[in-house]
Structures are given as C-alpha cells and as structure tokens.
file upload-v9.pdb (PDB, C-alpha atoms)
ATOM      1  CA  MET A   1      67.641 -54.736 227.139
ATOM      2  CA  ASN A   2      70.517 -52.876 228.746
ATOM      3  CA  ALA A   3      70.600 -50.980 232.025
ATOM      4  CA  ARG A   4      70.137 -47.568 230.397
ATOM      5  CA  ASP A   5      67.072 -48.721 228.455
ATOM      6  CA  PHE A   6      65.615 -50.195 231.634
ATOM      7  CA  ARG A   7      66.149 -47.053 233.683
ATOM      8  CA  ASP A   8      64.720 -44.888 230.896
ATOM      9  CA  LEU A   9      61.637 -47.096 230.751
ATOM     10  CA  VAL A  10      61.069 -46.941 234.508
ATOM     11  CA  ALA A  11      61.576 -43.164 234.453
ATOM     12  CA  GLN A  12      58.870 -42.847 231.796
ATOM     13  CA  ARG A  13      56.207 -44.900 233.555
ATOM     14  CA  VAL A  14      55.438 -47.132 236.489
ATOM     15  CA  LEU A  15      55.893 -50.795 235.616
ATOM     16  CA  VAL A  16      53.378 -53.317 236.909
ATOM     17  CA  LEU A  17      54.965 -56.647 237.782
ATOM     18  CA  ASP A  18      53.153 -59.952 238.201
ATOM     19  CA  GLY A  19      52.004 -61.493 241.473
ATOM     20  CA  GLY A  20      52.461 -64.706 243.384
ATOM     21  CA  PHE A  21      53.628 -67.665 241.309
ATOM     22  CA  GLY A  22      54.320 -70.541 243.666
ATOM     23  CA  SER A  23      51.018 -69.919 245.431
ATOM     24  CA  MET A  24      49.247 -70.042 242.072
ATOM     25  CA  LEU A  25      50.816 -73.424 241.287
ATOM     26  CA  ILE A  26      49.833 -74.727 244.718
ATOM     27  CA  ALA A  27      46.252 -73.632 244.042
ATOM     28  CA  ALA A  28      46.473 -75.530 240.726
ATOM     29  CA  GLY A  29      47.479 -78.714 242.515
ATOM     30  CA  LEU A  30      51.257 -78.617 243.008
ATOM     31  CA  GLU A  31      51.972 -81.388 245.479
ATOM     32  CA  PRO A  32      53.141 -80.405 249.001
ATOM     33  CA  GLY A  33      56.917 -80.379 249.160
ATOM     34  CA  ARG A  34      57.355 -80.624 245.390
ATOM     35  CA  ALA A  35      59.502 -77.863 243.887
ATOM     36  CA  PRO A  36      57.719 -75.600 241.364
ATOM     37  CA  ASP A  37      60.609 -76.240 238.971
ATOM     38  CA  TRP A  38      59.297 -79.754 238.370
ATOM     39  CA  TRP A  39      56.155 -78.292 236.852
ATOM     40  CA  THR A  40      58.223 -76.333 234.333
ATOM     41  CA  LEU A  41      59.180 -79.757 232.997
ATOM     42  CA  ASP A  42      56.115 -81.874 233.814
ATOM     43  CA  ARG A  43      53.210 -79.382 233.614
ATOM     44  CA  PRO A  44      54.327 -76.628 231.239
ATOM     45  CA  ASP A  45      50.698 -76.009 230.297
ATOM     46  CA  VAL A  46      49.862 -74.903 233.831
ATOM     47  CA  VAL A  47      52.976 -72.747 234.168
ATOM     48  CA  ALA A  48      52.227 -71.035 230.853
ATOM     49  CA  SER A  49      48.602 -70.456 231.861
ATOM     50  CA  VAL A  50      49.738 -68.559 234.976
ATOM     51  CA  HIS A  51      51.951 -66.313 232.858
ATOM     52  CA  ARG A  52      49.119 -65.657 230.418
ATOM     53  CA  ALA A  53      46.746 -64.800 233.256
ATOM     54  CA  TYR A  54      49.137 -62.170 234.587
ATOM     55  CA  VAL A  55      49.632 -60.628 231.161
ATOM     56  CA  ALA A  56      45.866 -60.488 230.685
ATOM     57  CA  ALA A  57      45.597 -58.794 234.081
ATOM     58  CA  GLY A  58      47.979 -56.037 233.003
ATOM     59  CA  SER A  59      51.496 -57.073 234.024
ATOM     60  CA  ASP A  60      54.281 -55.298 232.145
ATOM     61  CA  VAL A  61      56.863 -57.736 233.545
ATOM     62  CA  VAL A  62      56.462 -61.429 234.340
ATOM     63  CA  HIS A  63      58.893 -63.590 236.273
ATOM     64  CA  ALA A  64      59.973 -66.893 234.772
ATOM     65  CA  ASN A  65      59.438 -69.877 237.052
ATOM     66  CA  THR A  66      63.073 -69.877 238.171
ATOM     67  CA  PHE A  67      62.935 -68.589 241.766
ATOM     68  CA  GLY A  68      64.313 -71.907 243.038
ATOM     69  CA  ALA A  69      66.401 -72.808 240.001
ATOM     70  CA  SER A  70      69.864 -72.160 241.429
ATOM     71  CA  PRO A  71      72.089 -75.258 241.574
ATOM     72  CA  PRO A  72      71.815 -75.791 245.370
ATOM     73  CA  LYS A  73      68.021 -75.524 245.266
ATOM     74  CA  LEU A  74      67.797 -77.858 242.292
ATOM     75  CA  ILE A  75      69.941 -80.422 244.084
ATOM     76  CA  ALA A  76      67.528 -80.304 247.020
ATOM     77  CA  ALA A  77      64.617 -80.715 244.589
ATOM     78  CA  GLY A  78      66.098 -83.791 242.923
ATOM     79  CA  LEU A  79      67.143 -81.902 239.807
ATOM     80  CA  ALA A  80      70.920 -81.952 240.244
ATOM     81  CA  GLY A  81      72.935 -81.027 237.177
ATOM     82  CA  ARG A  82      69.952 -79.583 235.326
ATOM     83  CA  CYS A  83      70.389 -75.866 236.009
ATOM     84  CA  ARG A  84      70.723 -74.785 232.383
ATOM     85  CA  GLU A  85      67.891 -77.062 231.249
ATOM     86  CA  VAL A  86      65.413 -75.935 233.923
ATOM     87  CA  ASN A  87      66.153 -72.225 233.569
ATOM     88  CA  ALA A  88      66.029 -72.349 229.780
ATOM     89  CA  ALA A  89      62.743 -74.252 229.768
ATOM     90  CA  ALA A  90      61.179 -71.755 232.174
ATOM     91  CA  VAL A  91      62.266 -68.768 230.112
ATOM     92  CA  VAL A  92      61.011 -70.307 226.866
ATOM     93  CA  LEU A  93      57.643 -70.959 228.540
ATOM     94  CA  ALA A  94      57.375 -67.404 229.823
ATOM     95  CA  ARG A  95      58.361 -65.879 226.504
ATOM     96  CA  SER A  96      55.993 -68.030 224.456
ATOM     97  CA  ALA A  97      53.119 -67.338 226.851
ATOM     98  CA  CYS A  98      53.668 -63.594 227.087
ATOM     99  CA  GLY A  99      54.895 -62.468 223.681
ATOM    100  CA  GLU A 100      57.474 -59.815 222.917
ATOM    101  CA  ALA A 101      55.489 -56.883 224.348
ATOM    102  CA  THR A 102      55.912 -58.135 227.923
ATOM    103  CA  LEU A 103      59.288 -58.151 229.633
ATOM    104  CA  VAL A 104      60.478 -61.478 231.017
ATOM    105  CA  ALA A 105      62.540 -61.387 234.204
ATOM    106  CA  GLY A 106      64.753 -64.234 235.281
ATOM    107  CA  ASP A 107      63.681 -64.841 238.872
ATOM    108  CA  VAL A 108      66.490 -65.525 241.370
ATOM    109  CA  GLY A 109      65.816 -66.492 244.979
ATOM    110  CA  PRO A 110      67.917 -67.619 247.955
ATOM    111  CA  THR A 111      69.967 -70.778 247.515
ATOM    112  CA  GLY A 112      68.930 -72.245 250.848
ATOM    113  CA  LEU A 113      72.585 -72.284 251.922
ATOM    114  CA  LEU A 114      73.418 -70.231 255.016
ATOM    115  CA  LEU A 115      76.526 -68.216 255.710
ATOM    116  CA  PRO A 116      78.397 -68.152 259.064
ATOM    117  CA  PRO A 117      77.746 -68.017 261.931
ATOM    118  CA  ILE A 118      74.546 -69.990 261.234
ATOM    119  CA  GLY A 119      75.728 -72.114 258.312
ATOM    120  CA  GLY A 120      78.936 -73.201 256.643
ATOM    121  CA  ALA A 121      78.506 -71.788 253.138
ATOM    122  CA  THR A 122      80.974 -69.278 251.722
ATOM    123  CA  VAL A 123      80.280 -66.154 249.702
ATOM    124  CA  ALA A 124      82.404 -67.606 246.880
ATOM    125  CA  GLU A 125      80.257 -70.751 246.868
ATOM    126  CA  LEU A 126      77.072 -68.693 246.624
ATOM    127  CA  ARG A 127      78.465 -66.502 243.885
ATOM    128  CA  ASP A 128      79.497 -69.525 241.824
ATOM    129  CA  ALA A 129      75.989 -70.949 242.147
ATOM    130  CA  TYR A 130      74.401 -67.674 241.124
ATOM    131  CA  CYS A 131      76.806 -67.283 238.204
ATOM    132  CA  GLU A 132      75.641 -70.622 236.824
ATOM    133  CA  GLN A 133      71.988 -69.630 237.087
ATOM    134  CA  ALA A 134      72.446 -66.074 235.814
ATOM    135  CA  THR A 135      74.406 -67.322 232.814
ATOM    136  CA  ALA A 136      71.660 -69.823 232.009
ATOM    137  CA  LEU A 137      69.001 -67.118 232.256
ATOM    138  CA  ALA A 138      70.933 -64.730 230.036
ATOM    139  CA  GLU A 139      71.567 -67.410 227.436
ATOM    140  CA  ALA A 140      67.858 -68.245 227.425
ATOM    141  CA  GLY A 141      67.020 -64.636 226.554
ATOM    142  CA  VAL A 142      65.544 -62.912 229.613
ATOM    143  CA  ASP A 143      65.184 -59.128 229.457
ATOM    144  CA  LEU A 144      66.356 -58.572 233.017
ATOM    145  CA  ILE A 145      67.161 -60.404 236.231
ATOM    146  CA  SER A 146      65.054 -60.010 239.368
ATOM    147  CA  ILE A 147      66.672 -61.038 242.655
ATOM    148  CA  GLU A 148      63.980 -61.545 245.288
ATOM    149  CA  THR A 149      63.255 -62.475 248.903
ATOM    150  CA  MET A 150      66.838 -62.140 250.109
ATOM    151  CA  PHE A 151      67.217 -62.036 253.883
ATOM    152  CA  ASP A 152      71.017 -61.881 254.166
ATOM    153  CA  LEU A 153      72.694 -58.871 252.566
ATOM    154  CA  ARG A 154      75.841 -60.905 251.917
ATOM    155  CA  GLU A 155      73.900 -63.414 249.827
ATOM    156  CA  ALA A 156      72.027 -60.645 248.030
ATOM    157  CA  LEU A 157      75.329 -59.023 247.089
ATOM    158  CA  ALA A 158      76.696 -62.355 245.840
ATOM    159  CA  ALA A 159      73.619 -62.814 243.637
ATOM    160  CA  LEU A 160      73.881 -59.236 242.389
ATOM    161  CA  ALA A 161      77.556 -59.607 241.487
ATOM    162  CA  ALA A 162      76.769 -62.732 239.474
ATOM    163  CA  ALA A 163      73.765 -61.166 237.754
ATOM    164  CA  ARG A 164      75.694 -58.051 236.768
ATOM    165  CA  GLU A 165      78.204 -60.163 234.884
ATOM    166  CA  THR A 166      75.485 -60.878 232.316
ATOM    167  CA  GLY A 167      75.210 -57.197 231.386
ATOM    168  CA  LEU A 168      71.432 -57.308 231.911
ATOM    169  CA  PRO A 169      69.479 -54.883 234.116
ATOM    170  CA  VAL A 170      69.089 -56.177 237.674
ATOM    171  CA  ILE A 171      66.379 -55.548 240.268
ATOM    172  CA  ALA A 172      67.529 -56.551 243.757
ATOM    173  CA  SER A 173      64.858 -56.950 246.435
ATOM    174  CA  MET A 174      65.121 -58.095 250.018
ATOM    175  CA  THR A 175      62.480 -59.180 252.499
ATOM    176  CA  PHE A 176      62.063 -57.143 255.684
ATOM    177  CA  GLU A 177      59.817 -57.339 258.711
ATOM    178  CA  ALA A 178      58.556 -54.525 260.898
ATOM    179  CA  ARG A 179      60.146 -54.266 264.331
ATOM    180  CA  ARG A 180      59.942 -51.612 267.007
ATOM    181  CA  ARG A 181      63.204 -50.056 265.816
ATOM    182  CA  GLY A 182      62.319 -50.149 262.131
ATOM    183  CA  PHE A 183      62.486 -52.577 259.223
ATOM    184  CA  PHE A 184      64.989 -55.440 259.315
ATOM    185  CA  THR A 185      65.590 -58.794 257.662
ATOM    186  CA  ILE A 186      65.456 -61.896 259.851
ATOM    187  CA  MET A 187      69.262 -61.729 259.855
ATOM    188  CA  GLY A 188      69.173 -58.206 261.293
ATOM    189  CA  ASP A 189      70.043 -56.252 258.148
ATOM    190  CA  PRO A 190      68.296 -52.837 258.252
ATOM    191  CA  LEU A 191      66.293 -51.684 255.247
ATOM    192  CA  ALA A 192      68.006 -48.414 254.320
ATOM    193  CA  ARG A 193      71.547 -49.695 254.780
ATOM    194  CA  SER A 194      70.812 -52.916 252.896
ATOM    195  CA  LEU A 195      69.270 -51.213 249.886
ATOM    196  CA  ALA A 196      72.020 -48.601 249.852
ATOM    197  CA  GLY A 197      74.554 -51.442 249.720
ATOM    198  CA  LEU A 198      72.768 -52.993 246.759
ATOM    199  CA  GLU A 199      72.572 -49.653 244.990
ATOM    200  CA  ALA A 200      76.290 -49.063 245.553
ATOM    201  CA  ALA A 201      77.040 -52.530 244.175
ATOM    202  CA  GLY A 202      75.326 -51.690 240.890
ATOM    203  CA  ALA A 203      71.656 -52.697 241.146
ATOM    204  CA  ASP A 204      69.502 -50.888 238.595
ATOM    205  CA  ALA A 205      66.533 -50.948 240.981
ATOM    206  CA  VAL A 206      66.210 -51.992 244.611
ATOM    207  CA  GLY A 207      63.226 -52.907 246.704
ATOM    208  CA  CYS A 208      61.232 -54.988 249.128
ATOM    209  CA  ASN A 209      59.113 -58.062 248.610
ATOM    210  CA  CYS A 210      57.262 -60.710 250.606
ATOM    211  CA  SER A 211      56.861 -60.963 254.418
ATOM    212  CA  VAL A 212      54.435 -58.083 255.006
ATOM    213  CA  ALA A 213      50.966 -56.854 254.170
ATOM    214  CA  PRO A 214      50.511 -54.120 251.558
ATOM    215  CA  GLU A 215      49.887 -51.284 254.017
ATOM    216  CA  VAL A 216      53.146 -52.029 255.837
ATOM    217  CA  MET A 217      55.109 -51.958 252.605
ATOM    218  CA  VAL A 218      53.935 -48.404 251.932
ATOM    219  CA  ASP A 219      56.117 -47.250 254.826
ATOM    220  CA  MET A 220      59.013 -49.388 253.569
ATOM    221  CA  VAL A 221      58.790 -47.714 250.169
ATOM    222  CA  ARG A 222      58.713 -44.284 251.781
ATOM    223  CA  GLU A 223      61.893 -45.038 253.728
ATOM    224  CA  ALA A 224      63.647 -46.512 250.693
ATOM    225  CA  HIS A 225      62.667 -43.682 248.355
ATOM    226  CA  ALA A 226      64.034 -41.087 250.783
ATOM    227  CA  THR A 227      67.593 -42.309 250.343
ATOM    228  CA  MET A 228      67.798 -44.260 247.043
ATOM    229  CA  ARG A 229      68.789 -42.760 243.700
ATOM    230  CA  VAL A 230      67.748 -45.818 241.685
ATOM    231  CA  PRO A 231      64.094 -46.861 241.197
ATOM    232  CA  VAL A 232      62.310 -48.604 244.064
ATOM    233  CA  ALA A 233      60.356 -51.851 243.623
ATOM    234  CA  ALA A 234      57.617 -53.122 245.948
ATOM    235  CA  GLN A 235      55.888 -56.533 246.000
ATOM    236  CA  PRO A 236      53.922 -57.201 249.208
ATOM    237  CA  ASN A 237      51.976 -60.287 250.156
ATOM    238  CA  ALA A 238      48.191 -60.472 249.902
ATOM    239  CA  GLY A 239      47.838 -59.405 253.517
ATOM    240  CA  GLN A 240      48.508 -61.512 256.596
ATOM    241  CA  PRO A 241      48.419 -65.310 256.243
ATOM    242  CA  GLN A 242      45.617 -67.167 258.001
ATOM    243  CA  ALA A 243      45.744 -70.909 258.635
ATOM    244  CA  THR A 244      42.479 -72.637 257.653
ATOM    245  CA  PHE A 245      41.334 -76.208 257.150
ATOM    246  CA  ASP A 246      41.718 -75.610 253.409
ATOM    247  CA  GLY A 247      45.283 -74.312 253.712
ATOM    248  CA  VAL A 248      46.812 -70.864 254.065
ATOM    249  CA  ARG A 249      44.634 -67.901 253.144
ATOM    250  CA  TYR A 250      45.515 -64.201 253.110
ATOM    251  CA  ASP A 251      43.314 -61.467 254.532
ATOM    252  CA  ALA A 252      43.689 -58.689 251.928
ATOM    253  CA  SER A 253      41.220 -58.293 249.087
ATOM    254  CA  PRO A 254      42.224 -57.205 245.578
ATOM    255  CA  GLU A 255      40.630 -53.822 246.323
ATOM    256  CA  THR A 256      42.605 -53.152 249.517
ATOM    257  CA  PHE A 257      45.761 -54.365 247.801
ATOM    258  CA  ALA A 258      45.132 -51.977 244.892
ATOM    259  CA  ARG A 259      44.678 -49.001 247.214
ATOM    260  CA  ALA A 260      47.973 -49.817 248.893
ATOM    261  CA  VAL A 261      49.716 -50.114 245.502
ATOM    262  CA  VAL A 262      48.542 -46.596 244.624
ATOM    263  CA  ALA A 263      49.931 -45.418 247.977
ATOM    264  CA  MET A 264      53.252 -47.140 247.239
ATOM    265  CA  VAL A 265      53.570 -45.339 243.919
ATOM    266  CA  LEU A 266      52.722 -42.030 245.554
ATOM    267  CA  ALA A 267      55.414 -42.823 248.137
ATOM    268  CA  GLY A 268      57.989 -43.307 245.374
ATOM    269  CA  ALA A 269      57.770 -46.866 243.997
ATOM    270  CA  ARG A 270      58.338 -47.240 240.248
ATOM    271  CA  LEU A 271      57.865 -51.015 239.995
ATOM    272  CA  VAL A 272      54.923 -52.605 241.801
ATOM    273  CA  GLY A 273      53.508 -56.105 241.968
ATOM    274  CA  GLY A 274      52.568 -58.826 244.395
ATOM    275  CA  CYS A 275      54.115 -61.728 246.235
ATOM    276  CA  CYS A 276      52.656 -64.634 248.224
ATOM    277  CA  GLY A 277      48.914 -65.048 247.931
ATOM    278  CA  THR A 278      48.390 -62.444 245.239
ATOM    279  CA  THR A 279      46.707 -63.544 242.019
ATOM    280  CA  PRO A 280      45.889 -62.044 238.613
ATOM    281  CA  GLU A 281      42.800 -60.511 240.237
ATOM    282  CA  PHE A 282      45.066 -58.505 242.549
ATOM    283  CA  ILE A 283      47.197 -57.306 239.640
ATOM    284  CA  ARG A 284      44.117 -56.425 237.581
ATOM    285  CA  ALA A 285      42.743 -54.363 240.465
ATOM    286  CA  ALA A 286      46.104 -52.628 240.961
ATOM    287  CA  ARG A 287      46.388 -51.799 237.270
ATOM    288  CA  ALA A 288      42.861 -50.340 237.257
ATOM    289  CA  ALA A 289      43.477 -48.293 240.405
ATOM    290  CA  LEU A 290      46.736 -46.891 239.056
ATOM    291  CA  GLY A 291      45.012 -45.980 235.816
ATOM    292  CA  ALA A 292      42.158 -44.251 237.630
ATOM    293  CA  ALA A 293      44.690 -42.262 239.652
ATOM    294  CA  GLY A 294      46.603 -41.276 236.510
ATOM    295  CA  LEU A 295      49.701 -43.147 237.674
ATOM    296  CA  ALA A 296      49.989 -45.837 234.996
TER     297      ALA A 296
END

call {"tool": "encode", "arguments": {"input": "upload-v9.pdb", "output": "structure tokens"}}
result
Amino acid sequence: MNARDFRDLVAQRVLVLDGGFGSMLIAAGLEPGRAPDWWTLDRPDVVASVHRAYVAAGSDVVHANTFGASPPKLIAAGLAGRCREVNAAAVVLARSACGEATLVAGDVGPTGLLLPPIGGATVAELRDAYCEQATALAEAGVDLISIETMFDLREALAALAAARETGLPVIASMTFEARRRGFFTIMGDPLARSLAGLEAAGADAVGCNCSVAPEVMVDMVREAHATMRVPVAAQPNAGQPQATFDGVRYDASPETFARAVVAMVLAGARLVGGCCGTTPEFIRAARAALGAAGLA
C-alpha cells in the first residue's frame, strides 16, 4: 500500500483499529517483566489468537506485536541482534492470523532511550535504531507503519523519518495528558504543535493514543481536527486504571468506550481503536456503535 491508497481509503470510510495487545498477553499469562516480543517466538499460538480475536471483533487494521521490537528495546529484553528476526516473525504471525482482507501495521514504540537534558541519547542514534526496525517491518510485508505512544516530539520525528524511508504509509501518534493549560506530553510538548510538526514532516495520519480515558480523548481529537489536514487517529485506554489485588483494572465498560468512539468520529477522527486495557469486546462494541450511527 502506498500513501495515496491509504489516504483514499481513510477518506472513504472510518477505519477501526485493534485494541490493547500487551495487556491481552498479560491476561493470557505473560510473566511480569518479560517483554511481549518473547511470546512472538515462544508462544506464537497466543499472539496469533489475539490477532484473530480482534479481526473477529471488527478491526480493519491490526498491529503486529512489534511495539518494543526496536534494537535498544530488544537489547533490554535479552534479544540483542535479533531485530530482523523478531519483527519478521511478528509480521508473519499477524498476516497468517488475519488474512489479506485486514491491514497489518508494523507497530513502533519508544526506544526507551532518552534525549538531553534527561538522557544521553542522540537523535542520530534513535533514527538509526528506527531505520533498522522500519526496514525489517517493510521487508516482512507490513501494509503501513504505526508509530505510537511517543512522549518526546524529537523521538517521534526520528521514528517518522526512518519510517518514511520505507515508502509505506505512516501513522504517527503521541501520548498526551490533560493539564490546566491544555494537552501536553510528559516532556511538555503541546498537542497541536506536536501533531502539526509530524504532519509537516510527512506523516500520513497523526493522532493520540494511551494515557487518558475515552471521554478525554474526544476533546483531544476535536483540537487536533481543527488544525490538521491529514486524518486524525485516536486510541484511548479503557478508562482510568485501578489497582486491585488481582492487578490493574480499568473503569470503562465496552459500552461507554463505544459511545466515546462515536463521539471521536463525530469530532473528526478517521482511525479509531483502543490502547491499554481494551479488549476485543471493546472493539466489537465500538464497531457496532459506529454501524448503528451510520459512521462505519
């Protein structure tokens, strides 16, 4: 798929993305502290079953299990030197589980390296890492690349530059929190300026994911849509996290999530899905609500 095909598709209809992936693996028994990438290699049956569940729930796009598969993250996970292997295996799993009718996105998350003044990484170092991952994803046959959960605009731009070299469509999303003065990343990057920077750098869609409950993301979408010319993506969490004896739980139901997804589309979002805590039930409810509203 090229950028023009992607933009034409999103112009024609709202695309429903998948939901939380790491949280689904944790629910399936992923050991605390163990990187999800290990299960691509050791438990491919479970990884594939998550993909299939999202397709059955109505996802038009699924993310390969590659969020943490950049070289620095793989080193930290004990998978040094296996970037191409891990990314390729994840893409093959997603494609075989989903079939050709569903788009497969190569998922790209933060490297874990921090730029000055907090850390000692360089933009060139980050871009080299992202180039290695993006190349592996493209060679494995993804339809597009989805950059997610970025909290430093400089790192997001480095990932975007690397992803664009593949020639594939790129969605670039950052994670913002609500403050009294508006929406900002934890590094202080404001929403509108950050997404405008990504748009100017060539992203085919820009958006927000993680960090906030669905109702908060409706306002983020409204602000983004007011100034962006490219499509807007939105993937909120399943409400606010609650610590329990059984682990972290989220306070939104699939029904409240679905209502918020409809509101996001009405506010201008063209790609909608879920992040932490969301499950195929959330995506199924969102798909049904969008259909009932005549939006998908």

call {"tool": "resolve_selection", "arguments": {"input": "upload-v9.pdb", "expression": "the PyMOL selection byres ((chain A and resi 235) around 6)", "output": "list in words"}}
result
Asn209, Ala234, Pro236, Val272, Gly273, Gly274 and Cys275 of chain A

call {"tool": "resolve_selection", "arguments": {"input": "upload-v9.pdb", "expression": "the PyMOL selection byres ((chain A and resi 271) around 10)", "output": "PDB file with C-alpha atoms, in the coordinates of the input"}}
result
ATOM      1  CA  VAL A  10      61.069 -46.941 234.508  1.00  0.00           C
ATOM      2  CA  ARG A  13      56.207 -44.900 233.555  1.00  0.00           C
ATOM      3  CA  VAL A  14      55.438 -47.132 236.489  1.00  0.00           C
ATOM      4  CA  LEU A  15      55.893 -50.795 235.616  1.00  0.00           C
ATOM      5  CA  VAL A  16      53.378 -53.317 236.909  1.00  0.00           C
ATOM      6  CA  LEU A  17      54.965 -56.647 237.782  1.00  0.00           C
ATOM      7  CA  ASP A  60      54.281 -55.298 232.145  1.00  0.00           C
ATOM      8  CA  VAL A  61      56.863 -57.736 233.545  1.00  0.00           C
ATOM      9  CA  ILE A 171      66.379 -55.548 240.268  1.00  0.00           C
ATOM     10  CA  ALA A 205      66.533 -50.948 240.981  1.00  0.00           C
ATOM     11  CA  VAL A 206      66.210 -51.992 244.611  1.00  0.00           C
ATOM     12  CA  GLY A 207      63.226 -52.907 246.704  1.00  0.00           C
ATOM     13  CA  PRO A 231      64.094 -46.861 241.197  1.00  0.00           C
ATOM     14  CA  VAL A 232      62.310 -48.604 244.064  1.00  0.00           C
ATOM     15  CA  ALA A 233      60.356 -51.851 243.623  1.00  0.00           C
ATOM     16  CA  ALA A 234      57.617 -53.122 245.948  1.00  0.00           C
ATOM     17  CA  GLN A 235      55.888 -56.533 246.000  1.00  0.00           C
ATOM     18  CA  VAL A 261      49.716 -50.114 245.502  1.00  0.00           C
ATOM     19  CA  MET A 264      53.252 -47.140 247.239  1.00  0.00           C
ATOM     20  CA  VAL A 265      53.570 -45.339 243.919  1.00  0.00           C
ATOM     21  CA  GLY A 268      57.989 -43.307 245.374  1.00  0.00           C
ATOM     22  CA  ALA A 269      57.770 -46.866 243.997  1.00  0.00           C
ATOM     23  CA  ARG A 270      58.338 -47.240 240.248  1.00  0.00           C
ATOM     24  CA  VAL A 272      54.923 -52.605 241.801  1.00  0.00           C
ATOM     25  CA  GLY A 273      53.508 -56.105 241.968  1.00  0.00           C
TER      26      GLY A 273
END

call {"tool": "residues_around", "arguments": {"input": "upload-v9.pdb", "residues": "Val123 of chain A", "least_positions_apart": "2", "cutoff": "9 Å", "atoms": "only C-alpha atoms", "output": "ChimeraX atom specification"}}
result
/A:115,121,125-128,154-155,158

call {"tool": "residues_around", "arguments": {"input": "upload-v9.pdb", "residues": "segment 97-99 of chain A", "least_positions_apart": "5", "cutoff": "12 Å", "atoms": "all atoms listed in the file", "output": "PyMOL selection string"}}
result
chain A and resi 18+44-64+90-92+104-105

call {"tool": "resolve_selection", "arguments": {"input": "upload-v9.pdb", "expression": "the PyMOL selection byres ((chain A and resi 133) around 10)", "output": "list in words"}}
result
Thr66, Gly68, Ala69, Ser70, Pro71, Cys83, Arg84, Val86, Asn87, Ala88, Gly106, Asp107, Val108, Arg127, Asp128, Ala129, Tyr130, Cys131, Glu132, Ala134, Thr135, Ala136, Leu137, Ala138, Glu139, Ala159, Ala162 and Ala163 of chain A

call {"tool": "write_last_selection", "arguments": {"input": "upload-v9.pdb", "atoms": "C-alpha atoms", "output": "compact mmCIF listing (two decimals), in the frame of the given file"}}
result
# COMPACT_ATOMS: atom_id res chain seq x y z
CA THR A 66 63.07 -69.88 238.17
CA GLY A 68 64.31 -71.91 243.04
CA ALA A 69 66.40 -72.81 240.00
CA SER A 70 69.86 -72.16 241.43
CA PRO A 71 72.09 -75.26 241.57
CA CYS A 83 70.39 -75.87 236.01
CA ARG A 84 70.72 -74.78 232.38
CA VAL A 86 65.41 -75.94 233.92
CA ASN A 87 66.15 -72.22 233.57
CA ALA A 88 66.03 -72.35 229.78
CA GLY A 106 64.75 -64.23 235.28
CA ASP A 107 63.68 -64.84 238.87
CA VAL A 108 66.49 -65.53 241.37
CA ARG A 127 78.46 -66.50 243.88
CA ASP A 128 79.50 -69.53 241.82
CA ALA A 129 75.99 -70.95 242.15
CA TYR A 130 74.40 -67.67 241.12
CA CYS A 131 76.81 -67.28 238.20
CA GLU A 132 75.64 -70.62 236.82
CA ALA A 134 72.45 -66.07 235.81
CA THR A 135 74.41 -67.32 232.81
CA ALA A 136 71.66 -69.82 232.01
CA LEU A 137 69.00 -67.12 232.26
CA ALA A 138 70.93 -64.73 230.04
CA GLU A 139 71.57 -67.41 227.44
CA ALA A 159 73.62 -62.81 243.64
CA ALA A 162 76.77 -62.73 239.47
CA ALA A 163 73.76 -61.17 237.75

call {"tool": "closest_residue", "arguments": {"input": "upload-v9.pdb", "among": "A:Ile186, A:Ile75, A:Leu168, A:Ala267", "to": "Gly141 of chain A", "atoms": "only C-alpha atoms"}}
result
A:Leu168
